[in-house]
>>> print(open('final-v6.csv').read())   # CSV, C-alpha atoms
chain,number,residue,atom,x,y,z
A,1,MET,CA,152.1,151.9,74.6
A,2,SER,CA,150.1,149.0,76.1
A,3,GLN,CA,149.1,149.5,79.7
A,4,ASN,CA,150.9,147.5,82.4
A,5,ILE,CA,148.6,145.5,84.6
A,6,LEU,CA,149.9,143.9,87.8
A,7,VAL,CA,148.1,140.6,88.4
A,8,THR,CA,148.6,139.2,91.9
A,9,GLY,CA,148.0,135.4,92.2
A,10,GLY,CA,148.1,135.3,88.4
A,11,ALA,CA,149.4,131.7,88.3
A,12,GLY,CA,146.2,130.4,90.0
A,13,TYR,CA,143.0,129.1,88.3
A,14,ILE,CA,141.1,132.4,87.7
A,15,GLY,CA,144.3,134.4,87.6
A,16,SER,CA,145.9,132.4,84.7
A,17,HIS,CA,142.7,132.6,82.6
A,18,THR,CA,142.5,136.3,83.2
A,19,VAL,CA,146.1,136.9,82.3
A,20,LEU,CA,145.6,135.2,79.0
A,21,GLN,CA,142.5,137.3,78.2
A,22,LEU,CA,144.5,140.5,79.2
A,23,LEU,CA,147.3,139.6,76.8
A,24,LEU,CA,144.8,138.8,74.0
A,25,SER,CA,143.2,142.2,74.6
A,26,GLY,CA,146.5,144.0,74.1
A,27,TYR,CA,147.6,144.6,77.7
A,28,ARG,CA,151.0,143.9,79.3
A,29,ALA,CA,150.6,141.6,82.3
A,30,VAL,CA,153.0,141.3,85.1
A,31,VAL,CA,152.2,138.4,87.4
A,32,VAL,CA,153.3,138.1,91.0
A,33,ASP,CA,152.5,134.8,92.8
A,34,ASN,CA,154.2,132.9,95.7
A,35,LEU,CA,153.1,129.6,94.0
A,36,ASP,CA,151.7,128.3,97.4
A,37,ASN,CA,148.7,126.9,95.7
A,38,SER,CA,149.5,127.3,92.0
A,39,SER,CA,152.1,126.2,89.5
A,40,SER,CA,154.6,128.1,87.3
A,41,VAL,CA,153.6,125.6,84.6
A,42,ALA,CA,150.4,127.6,84.2
A,43,ILE,CA,152.4,130.7,83.3
A,44,SER,CA,154.3,128.8,80.6
A,45,ARG,CA,151.1,127.4,79.2
A,46,VAL,CA,149.5,130.9,79.1
A,47,LYS,CA,152.6,132.1,77.1
A,48,GLU,CA,152.0,129.3,74.6
A,49,LEU,CA,148.3,130.1,74.3
A,50,ALA,CA,149.1,133.9,73.9
A,51,GLY,CA,151.2,133.3,70.8
A,52,GLU,CA,152.5,136.6,69.5
A,53,HIS,CA,151.4,138.4,72.7
A,54,ALA,CA,153.6,136.1,74.9
A,55,SER,CA,156.4,138.7,75.2
A,56,ASN,CA,153.9,141.0,77.1
A,57,LEU,CA,153.9,138.6,80.1
A,58,ASP,CA,156.4,138.8,83.0
A,59,PHE,CA,156.4,136.5,86.0
A,60,HIS,CA,157.9,137.3,89.5
A,61,LYS,CA,157.8,134.8,92.4
A,62,ILE,CA,156.9,137.2,95.2
A,63,ASP,CA,154.8,136.8,98.3
A,64,LEU,CA,152.7,140.0,98.8
A,65,ARG,CA,153.8,140.1,102.5
A,66,ASP,CA,157.4,140.6,101.2
A,67,LYS,CA,157.2,144.4,101.1
A,68,PRO,CA,160.8,145.1,99.9
A,69,ALA,CA,160.3,142.7,96.9
A,70,LEU,CA,157.0,144.4,96.0
A,71,GLU,CA,158.6,147.9,96.4
A,72,LYS,CA,161.4,146.9,94.0
A,73,LEU,CA,158.9,145.7,91.4
A,74,PHE,CA,156.8,148.9,91.6
A,75,ALA,CA,160.0,151.0,91.4
A,76,SER,CA,161.0,149.2,88.2
A,77,MET,CA,157.9,150.0,86.2
A,78,LYS,CA,154.7,152.0,86.2
A,79,PHE,CA,151.4,150.1,86.6
A,80,TYR,CA,148.1,151.4,85.3
A,81,ALA,CA,146.1,149.1,87.6
A,82,VAL,CA,146.3,146.0,89.8
A,83,ILE,CA,144.0,143.0,89.6
A,84,HIS,CA,144.3,141.3,93.0
A,85,PHE,CA,143.6,137.6,93.1
A,86,ALA,CA,146.3,136.4,95.5
A,87,GLY,CA,144.9,134.7,98.6
A,88,LEU,CA,144.2,131.4,100.2
A,89,LYS,CA,140.7,130.1,99.4
A,90,ALA,CA,139.8,126.8,101.1
A,91,VAL,CA,136.8,127.2,103.3
A,92,GLY,CA,137.5,124.1,105.5
A,93,GLU,CA,141.1,125.0,106.0
A,94,SER,CA,140.2,128.6,106.9
A,95,VAL,CA,138.0,127.2,109.8
A,96,GLN,CA,141.0,125.2,111.1
A,97,LYS,CA,143.7,127.8,110.5
A,98,PRO,CA,142.0,131.3,110.7
A,99,LEU,CA,145.2,133.1,111.6
A,100,MET,CA,146.9,131.8,108.5
A,101,TYR,CA,144.1,133.1,106.4
A,102,TYR,CA,143.9,136.5,108.1
A,103,ASP,CA,147.7,136.9,107.8
A,104,ASN,CA,147.9,135.8,104.1
A,105,ASN,CA,144.8,137.4,102.7
A,106,ILE,CA,144.5,140.6,104.8
A,107,THR,CA,148.1,141.4,105.6
A,108,GLY,CA,149.0,140.7,102.0
A,109,THR,CA,146.3,143.1,100.8
A,110,ILE,CA,147.3,145.9,103.2
A,111,ILE,CA,150.9,145.7,102.1
A,112,LEU,CA,149.9,145.7,98.5
A,113,LEU,CA,147.7,148.8,99.0
A,114,GLU,CA,150.5,150.6,100.9
A,115,VAL,CA,153.0,150.0,98.0
A,116,MET,CA,150.4,151.0,95.4
A,117,VAL,CA,149.9,154.4,97.2
A,118,ALA,CA,153.6,154.9,97.6
A,119,HIS,CA,154.0,154.5,93.8
A,120,GLY,CA,151.0,156.5,92.7
A,121,CYS,CA,148.9,153.5,91.4
A,122,LYS,CA,145.4,153.9,92.7
A,123,ASN,CA,143.4,151.7,90.3
A,124,LEU,CA,142.3,148.3,91.7
A,125,VAL,CA,140.2,145.4,90.7
A,126,PHE,CA,139.6,143.0,93.6
A,127,SER,CA,138.6,139.4,93.5
A,128,SER,CA,135.9,139.2,96.0
A,129,SER,CA,133.3,136.4,96.3
A,130,ALA,CA,129.6,135.6,96.7
A,131,THR,CA,130.5,134.2,100.1
A,132,VAL,CA,130.1,137.7,101.4
A,133,TYR,CA,126.3,137.2,101.1
A,134,GLY,CA,126.5,134.4,103.7
A,135,SER,CA,123.3,132.5,103.6
A,136,PRO,CA,121.1,134.9,101.7
A,137,LYS,CA,117.5,135.4,102.8
A,138,GLU,CA,116.4,136.1,99.3
A,139,VAL,CA,117.7,135.2,95.8
A,140,PRO,CA,118.8,136.3,93.3
A,141,CYS,CA,121.6,138.2,95.3
A,142,THR,CA,121.8,141.8,94.4
A,143,GLU,CA,124.8,143.9,95.3
A,144,GLU,CA,122.7,145.7,97.9
A,145,LEU,CA,122.0,142.6,100.1
A,146,PRO,CA,123.3,142.8,103.7
A,147,LEU,CA,126.7,141.2,104.0
A,148,SER,CA,127.8,138.5,106.4
A,149,ALA,CA,130.3,135.7,105.9
A,150,LEU,CA,130.0,132.2,107.4
A,151,ASN,CA,133.7,131.3,107.7
A,152,PRO,CA,137.1,132.9,108.1
A,153,TYR,CA,137.8,132.7,104.3
A,154,GLY,CA,134.6,134.5,103.6
A,155,ARG,CA,135.4,137.1,106.3
A,156,THR,CA,138.8,137.8,104.7
A,157,LYS,CA,136.9,138.8,101.5
A,158,LEU,CA,134.4,140.8,103.5
A,159,TYR,CA,137.0,142.7,105.5
A,160,ILE,CA,139.1,143.4,102.4
A,161,GLU,CA,136.0,144.9,100.8
A,162,GLU,CA,135.6,147.1,103.8
A,163,ILE,CA,139.2,148.1,103.8
A,164,CYS,CA,138.8,149.1,100.1
A,165,ARG,CA,135.7,151.2,100.9
A,166,ASP,CA,137.6,152.9,103.7
A,167,VAL,CA,140.7,153.6,101.5
A,168,HIS,CA,138.5,155.1,98.8
A,169,GLN,CA,136.6,157.2,101.4
A,170,SER,CA,139.9,158.6,102.7
A,171,ASP,CA,141.3,159.4,99.2
A,172,PRO,CA,138.7,159.7,96.3
A,173,GLU,CA,141.6,159.4,93.8
A,174,TRP,CA,141.3,155.6,94.3
A,175,LYS,CA,139.2,153.8,91.8
A,176,ILE,CA,138.3,150.3,93.1
A,177,ILE,CA,136.1,147.7,91.5
A,178,LEU,CA,135.0,144.8,93.8
A,179,LEU,CA,134.0,141.7,91.7
A,180,ARG,CA,131.9,139.2,93.7
A,181,TYR,CA,132.2,135.9,91.8
A,182,PHE,CA,129.8,133.1,92.1
A,183,ASN,CA,131.0,129.5,91.3
A,184,PRO,CA,133.8,129.5,88.7
A,185,VAL,CA,134.1,126.2,86.7
A,186,GLY,CA,135.4,125.0,83.3
A,187,ALA,CA,138.7,125.7,81.7
A,188,HIS,CA,140.2,127.2,78.6
A,189,PRO,CA,138.7,125.4,75.5
A,190,SER,CA,142.2,124.3,74.5
A,191,GLY,CA,142.4,122.1,77.6
A,192,HIS,CA,145.8,123.7,78.2
A,193,ILE,CA,145.1,125.6,81.4
A,194,GLY,CA,142.5,124.8,84.1
A,195,GLU,CA,141.9,124.3,87.8
A,196,ASP,CA,144.6,122.3,89.6
A,197,PRO,CA,143.9,122.4,93.3
A,198,CYS,CA,146.7,121.2,95.7
A,199,GLY,CA,145.5,118.4,97.9
A,200,ILE,CA,141.8,117.6,98.2
A,201,PRO,CA,139.6,119.9,96.2
A,202,ASN,CA,137.2,122.3,97.9
A,203,ASN,CA,134.8,122.9,95.1
A,204,LEU,CA,132.3,120.6,93.3
A,205,MET,CA,133.8,120.5,89.8
A,206,PRO,CA,137.4,119.6,90.6
A,207,PHE,CA,136.0,116.8,92.8
A,208,VAL,CA,133.8,115.6,89.9
A,209,GLN,CA,136.8,115.7,87.6
A,210,GLN,CA,139.0,113.7,89.9
A,211,VAL,CA,136.4,111.0,90.2
A,212,ALA,CA,136.0,111.0,86.4
A,213,VAL,CA,139.7,110.4,85.8
A,214,GLY,CA,139.9,107.8,88.5
A,215,ARG,CA,141.8,109.7,91.2
A,216,LEU,CA,138.9,109.5,93.7
A,217,PRO,CA,136.4,106.7,94.0
A,218,SER,CA,133.2,108.7,94.5
A,219,LEU,CA,131.8,112.2,94.9
A,220,LYS,CA,130.5,113.2,98.3
A,221,VAL,CA,127.3,115.2,98.1
A,222,PHE,CA,126.8,117.4,101.2
A,223,GLY,CA,123.1,117.5,101.9
A,224,ASN,CA,120.3,116.0,99.8
A,225,ASP,CA,117.4,117.2,102.0
A,226,TYR,CA,117.4,120.9,101.0
A,227,LYS,CA,114.1,122.5,99.8
A,228,THR,CA,115.3,122.4,96.2
A,229,LYS,CA,114.0,120.5,93.1
A,230,ASP,CA,116.2,117.5,93.9
A,231,GLY,CA,117.2,118.1,97.5
A,232,THR,CA,120.8,119.2,96.7
A,233,GLY,CA,122.2,122.7,97.0
A,234,VAL,CA,121.8,125.2,94.2
A,235,ARG,CA,124.6,127.5,93.0
A,236,ASP,CA,125.4,129.9,90.2
A,237,TYR,CA,128.1,128.3,88.1
A,238,ILE,CA,130.1,130.6,85.8
A,239,HIS,CA,132.5,129.6,83.1
A,240,VAL,CA,136.1,130.8,84.0
A,241,ILE,CA,136.5,132.4,80.6
A,242,ASP,CA,133.3,134.5,81.2
A,243,LEU,CA,134.7,135.4,84.6
A,244,ALA,CA,138.1,136.4,83.1
A,245,ASP,CA,136.3,138.6,80.5
A,246,GLY,CA,134.5,140.3,83.4
A,247,HIS,CA,137.9,141.4,84.7
A,248,ILE,CA,138.8,142.9,81.3
A,249,ALA,CA,135.5,144.8,81.4
A,250,ALA,CA,136.3,146.0,85.0
A,251,VAL,CA,139.8,147.2,83.9
A,252,LYS,CA,138.2,149.2,81.0
A,253,LYS,CA,135.6,150.6,83.4
A,254,LEU,CA,138.5,152.1,85.6
A,255,ALA,CA,138.9,154.7,82.8
A,256,ASP,CA,135.4,156.1,83.6
A,257,PRO,CA,135.8,159.2,85.7
A,258,SER,CA,132.6,158.4,87.7
A,259,VAL,CA,134.1,155.2,89.2
A,260,GLY,CA,134.6,155.4,93.0
A,261,CYS,CA,134.4,152.1,94.9
A,262,GLU,CA,132.0,149.9,92.9
A,263,VAL,CA,130.7,146.4,93.5
A,264,TYR,CA,129.6,144.0,90.8
A,265,ASN,CA,128.3,140.4,90.8
A,266,LEU,CA,129.7,138.1,88.2
A,267,GLY,CA,127.5,135.1,87.7
A,268,THR,CA,125.0,133.8,85.1
A,269,GLY,CA,121.9,134.7,87.1
A,270,LYS,CA,120.8,131.0,86.9
A,271,GLY,CA,120.8,128.4,89.7
A,272,THR,CA,121.9,124.8,89.0
A,273,SER,CA,121.7,122.0,91.6
A,274,VAL,CA,124.7,119.7,92.4
A,275,LEU,CA,122.9,116.8,90.8
A,276,GLU,CA,122.1,118.7,87.6
A,277,MET,CA,125.8,119.7,87.4
A,278,VAL,CA,126.9,116.0,87.9
A,279,THR,CA,124.4,114.8,85.2
A,280,ALA,CA,125.6,117.4,82.7
A,281,PHE,CA,129.2,116.3,83.4
A,282,GLU,CA,128.4,112.6,83.0
A,283,LYS,CA,126.7,113.4,79.6
A,284,VAL,CA,129.7,115.2,78.1
A,285,SER,CA,132.4,112.9,79.6
A,286,GLY,CA,130.6,109.6,79.1
A,287,LYS,CA,131.7,108.7,82.7
A,288,LYS,CA,129.5,107.6,85.6
A,289,ILE,CA,130.2,109.6,88.7
A,290,PRO,CA,129.4,107.4,91.8
A,291,LEU,CA,127.7,109.5,94.5
A,292,VAL,CA,127.9,109.2,98.3
A,293,MET,CA,125.2,111.2,100.1
A,294,ALA,CA,126.5,113.0,103.3
A,295,ALA,CA,125.1,115.4,105.8
A,296,ARG,CA,124.9,119.1,105.1
A,297,ARG,CA,128.1,121.0,105.7
A,298,PRO,CA,127.8,123.6,108.4
A,299,GLY,CA,127.8,127.1,106.9
A,300,ASP,CA,126.6,125.9,103.5
A,301,ALA,CA,123.7,128.0,102.1
A,302,GLU,CA,120.7,126.3,100.4
A,303,ILE,CA,120.3,128.4,97.2
A,304,VAL,CA,122.6,131.2,96.0
A,305,TYR,CA,122.6,132.8,92.5
A,306,ALA,CA,123.4,136.2,91.2
A,307,ALA,CA,121.4,139.2,90.0
A,308,ASN,CA,123.5,140.3,87.1
A,309,GLY,CA,121.8,143.4,85.9
A,310,LYS,CA,124.3,145.9,87.3
A,311,ALA,CA,127.3,144.2,85.5
A,312,GLU,CA,125.3,144.1,82.3
A,313,ARG,CA,124.4,147.8,82.5
A,314,GLU,CA,127.6,149.3,83.8
A,315,LEU,CA,130.4,146.9,82.6
A,316,LYS,CA,128.6,145.9,79.4
A,317,TRP,CA,129.5,142.3,80.4
A,318,MET,CA,127.4,139.2,80.3
A,319,ALA,CA,128.1,135.5,80.7
A,320,LYS,CA,128.1,133.7,77.3
A,321,TYR,CA,128.6,130.1,78.3
A,322,GLY,CA,126.1,127.6,79.7
A,323,ILE,CA,126.5,124.4,81.9
A,324,GLU,CA,127.2,122.2,78.9
A,325,GLU,CA,130.2,124.3,77.7
A,326,MET,CA,131.5,124.5,81.3
A,327,CYS,CA,131.4,120.7,81.7
A,328,ARG,CA,132.8,120.1,78.2
A,329,ASP,CA,135.8,122.4,78.8
A,330,GLN,CA,136.3,121.0,82.3
A,331,TRP,CA,136.4,117.4,81.0
A,332,ASN,CA,138.7,118.4,78.1
A,333,TRP,CA,141.2,119.9,80.6
A,334,ALA,CA,140.8,116.9,83.0
A,335,SER,CA,141.3,114.2,80.4
A,336,LYS,CA,144.4,115.9,79.0
A,337,ASN,CA,145.8,116.7,82.5
A,338,PRO,CA,144.5,114.0,84.8
A,339,TYR,CA,147.0,114.9,87.5
A,340,GLY,CA,147.1,118.7,86.9
A,341,TYR,CA,150.1,120.6,85.8
A,342,GLU,CA,153.0,119.0,87.6
A,343,LYS,CA,152.6,115.5,86.4
A,344,SER,CA,151.9,116.4,82.8
A,345,ALA,CA,154.6,119.1,82.6
>>> encode(input="final-v6.csv", output="structure tokens")
Amino acid sequence: MSQNILVTGGAGYIGSHTVLQLLLSGYRAVVVDNLDNSSSVAISRVKELAGEHASNLDFHKIDLRDKPALEKLFASMKFYAVIHFAGLKAVGESVQKPLMYYDNNITGTIILLEVMVAHGCKNLVFSSSATVYGSPKEVPCTEELPLSALNPYGRTKLYIEEICRDVHQSDPEWKIILLRYFNPVGAHPSGHIGEDPCGIPNNLMPFVQQVAVGRLPSLKVFGNDYKTKDGTGVRDYIHVIDLADGHIAAVKKLADPSVGCEVYNLGTGKGTSVLEMVTAFEKVSGKKIPLVMAARRPGDAEIVYAANGKAERELKWMAKYGIEEMCRDQWNWASKNPYGYEKSA
């Protein structure tokens, strides 16, 4: 009997790639997503890529704040664990609409945890973020660094982490793994699934990709006066397939009796500047990306990259792909789906 894993937000960018890796690893995946910032086309594409495993995927359009709908789902089958991706994730929007972010991300999580308890499912893998390190005083970021978020989006991640720690403290039967991602990029090598942000992208690579396919005239680079090798901000970019595999490693780790509430960074452990990333993308795509230099964005840190040792030791997980593969797969997805899922479906 393959284990049932509930994946919230499984139609999103990281969610869809993780669902595919779960299926290929022999799990049954049940996806709930309200499709606010994602597309059901992603689920159909995952089924195509999963081949003979496609029948192990179920999709339900549910908002986590709809407790009766969630209750009904949990009553209908037993889940081994939940991987919780669902949430809003645009930094700028969170600054303008903090209450929407707190309601969606935090209320949704609390209701999910309540329903999990009621149905005896106490295994959770939570999609956290390196934003909980704020503007770190030292790099690489280890899991022990002091936490502070610079915007409401980051604070929702931080508060949910604290809620998880409190829940485990109150009931040690809970096994919770908090995964702090660095900067996910790339797409499935098939070019069949990838990142398809609604509206204006918030992250570097979807922006670069939209310039490359002609949807945007130029890339705005925020800050070129940082104390870095070329003046632009440095981040730890991680291939979305590596990130998805990190979740499979976390689900396997839940079987370890010693797990309480654990935190792991998922990154490559290497910093890459904005300009280095753009140059790598230009190389694989053959496209020139026109740049417009702009002022620093408030709340942006100068250099952030991960210390990966803990995930390597305890999850037996390590990033396999480099910048070149990330850019190659990103461009493959972009060139096959210049307008994302909806227009190409």
>>> residues_around(input="final-v6.csv", residues="region 285-301 of chain A", least_positions_apart="5", cutoff="8 Å", atoms="only C-alpha atoms", output="list in words")
Gly134, Ser135, Pro136, Leu150, Asn151, Val208, Val211, Ala212, Pro217, Ser218, Leu219, Lys220, Val221, Phe222, Gly223, Asn224, Gly233, Val278, Arg328 and Trp331 of chain A
>>> atom_distance(input="final-v6.csv", atom1="CA of Leu23 (chain A)", atom2="CA of Asp36 (chain A)")
23.9 Å
>>> atom_distance(input="final-v6.csv", atom1="CA of Leu24 (chain A)", atom2="CA of Lys89 (chain A)")
27.2 Å
>>> closest_residue(input="final-v6.csv", among="A:Asn308, A:Gln3, A:Asn105, A:Thr272", to="Tyr80 (chain A)", atoms="all atoms listed in the file")
A:Gln3
>>> closest_residue(input="final-v6.csv", among="A:Gly154, A:Gly340, A:Gly12, A:Gly92", to="Asp196 (chain A)", atoms="all atoms listed in the file")
A:Gly340
>>> closest_residue(input="final-v6.csv", among="A:Glu144, A:Asp166, A:Asp171, A:Glu262", to="Lys122 (chain A)", atoms="all atoms listed in the file")
A:Asp171
>>> decode(input="final-v6.csv", residues="region 208-222 of chain A", atoms="N, CA, C and O atoms", output="mmCIF file, in the first residue's frame")
data_model
loop_
_atom_site.group_PDB
_atom_site.id
_atom_site.type_symbol
_atom_site.label_atom_id
_atom_site.label_comp_id
_atom_site.auth_asym_id
_atom_site.auth_seq_id
_atom_site.Cartn_x
_atom_site.Cartn_y
_atom_site.Cartn_z
ATOM 1 N N VAL A 208 13.337 37.493 -15.980
ATOM 2 C CA VAL A 208 14.324 37.301 -17.063
ATOM 3 C C VAL A 208 13.655 36.547 -18.208
ATOM 4 O O VAL A 208 13.794 36.890 -19.380
ATOM 5 N N GLN A 209 12.900 35.517 -17.849
ATOM 6 C CA GLN A 209 12.258 34.673 -18.860
ATOM 7 C C GLN A 209 11.233 35.479 -19.668
ATOM 8 O O GLN A 209 11.130 35.332 -20.878
ATOM 9 N N GLN A 210 10.497 36.374 -18.979
ATOM 10 C CA GLN A 210 9.492 37.158 -19.711
ATOM 11 C C GLN A 210 10.134 38.193 -20.639
ATOM 12 O O GLN A 210 9.578 38.525 -21.685
ATOM 13 N N VAL A 211 11.309 38.668 -20.250
ATOM 14 C CA VAL A 211 12.044 39.567 -21.157
ATOM 15 C C VAL A 211 12.530 38.757 -22.365
ATOM 16 O O VAL A 211 12.404 39.172 -23.520
ATOM 17 N N ALA A 212 13.033 37.553 -22.103
ATOM 18 C CA ALA A 212 13.598 36.715 -23.167
ATOM 19 C C ALA A 212 12.553 36.347 -24.225
ATOM 20 O O ALA A 212 12.863 36.267 -25.413
ATOM 21 N N VAL A 213 11.289 36.110 -23.794
ATOM 22 C CA VAL A 213 10.268 35.724 -24.776
ATOM 23 C C VAL A 213 9.528 36.939 -25.339
ATOM 24 O O VAL A 213 8.592 36.788 -26.120
ATOM 25 N N GLY A 214 9.948 38.155 -24.917
ATOM 26 C CA GLY A 214 9.370 39.360 -25.497
ATOM 27 C C GLY A 214 8.124 39.881 -24.793
ATOM 28 O O GLY A 214 7.447 40.768 -25.299
ATOM 29 N N ARG A 215 7.818 39.355 -23.615
ATOM 30 C CA ARG A 215 6.642 39.851 -22.896
ATOM 31 C C ARG A 215 6.941 41.142 -22.149
ATOM 32 O O ARG A 215 6.049 41.933 -21.869
ATOM 33 N N LEU A 216 8.204 41.338 -21.773
ATOM 34 C CA LEU A 216 8.614 42.566 -21.077
ATOM 35 C C LEU A 216 9.820 43.133 -21.818
ATOM 36 O O LEU A 216 10.650 42.380 -22.335
ATOM 37 N N PRO A 217 9.946 44.482 -21.858
ATOM 38 C CA PRO A 217 11.030 45.074 -22.645
ATOM 39 C C PRO A 217 12.414 44.936 -22.007
ATOM 40 O O PRO A 217 13.423 44.826 -22.706
ATOM 41 N N SER A 218 12.462 44.954 -20.662
ATOM 42 C CA SER A 218 13.783 44.935 -20.023
ATOM 43 C C SER A 218 13.655 44.425 -18.597
ATOM 44 O O SER A 218 12.562 44.346 -18.043
ATOM 45 N N LEU A 219 14.806 44.105 -18.032
ATOM 46 C CA LEU A 219 14.858 43.618 -16.652
ATOM 47 C C LEU A 219 15.314 44.749 -15.751
ATOM 48 O O LEU A 219 16.336 45.395 -16.001
ATOM 49 N N LYS A 220 14.540 44.987 -14.694
ATOM 50 C CA LYS A 220 14.931 45.998 -13.716
ATOM 51 C C LYS A 220 15.827 45.339 -12.675
ATOM 52 O O LYS A 220 15.429 44.343 -12.058
ATOM 53 N N VAL A 221 17.029 45.854 -12.508
ATOM 54 C CA VAL A 221 17.942 45.317 -11.490
ATOM 55 C C VAL A 221 17.912 46.268 -10.300
ATOM 56 O O VAL A 221 18.261 47.445 -10.422
ATOM 57 N N PHE A 222 17.473 45.750 -9.151
ATOM 58 C CA PHE A 222 17.328 46.618 -7.973
ATOM 59 C C PHE A 222 18.641 46.664 -7.200
ATOM 60 O O PHE A 222 18.973 45.742 -6.470
#
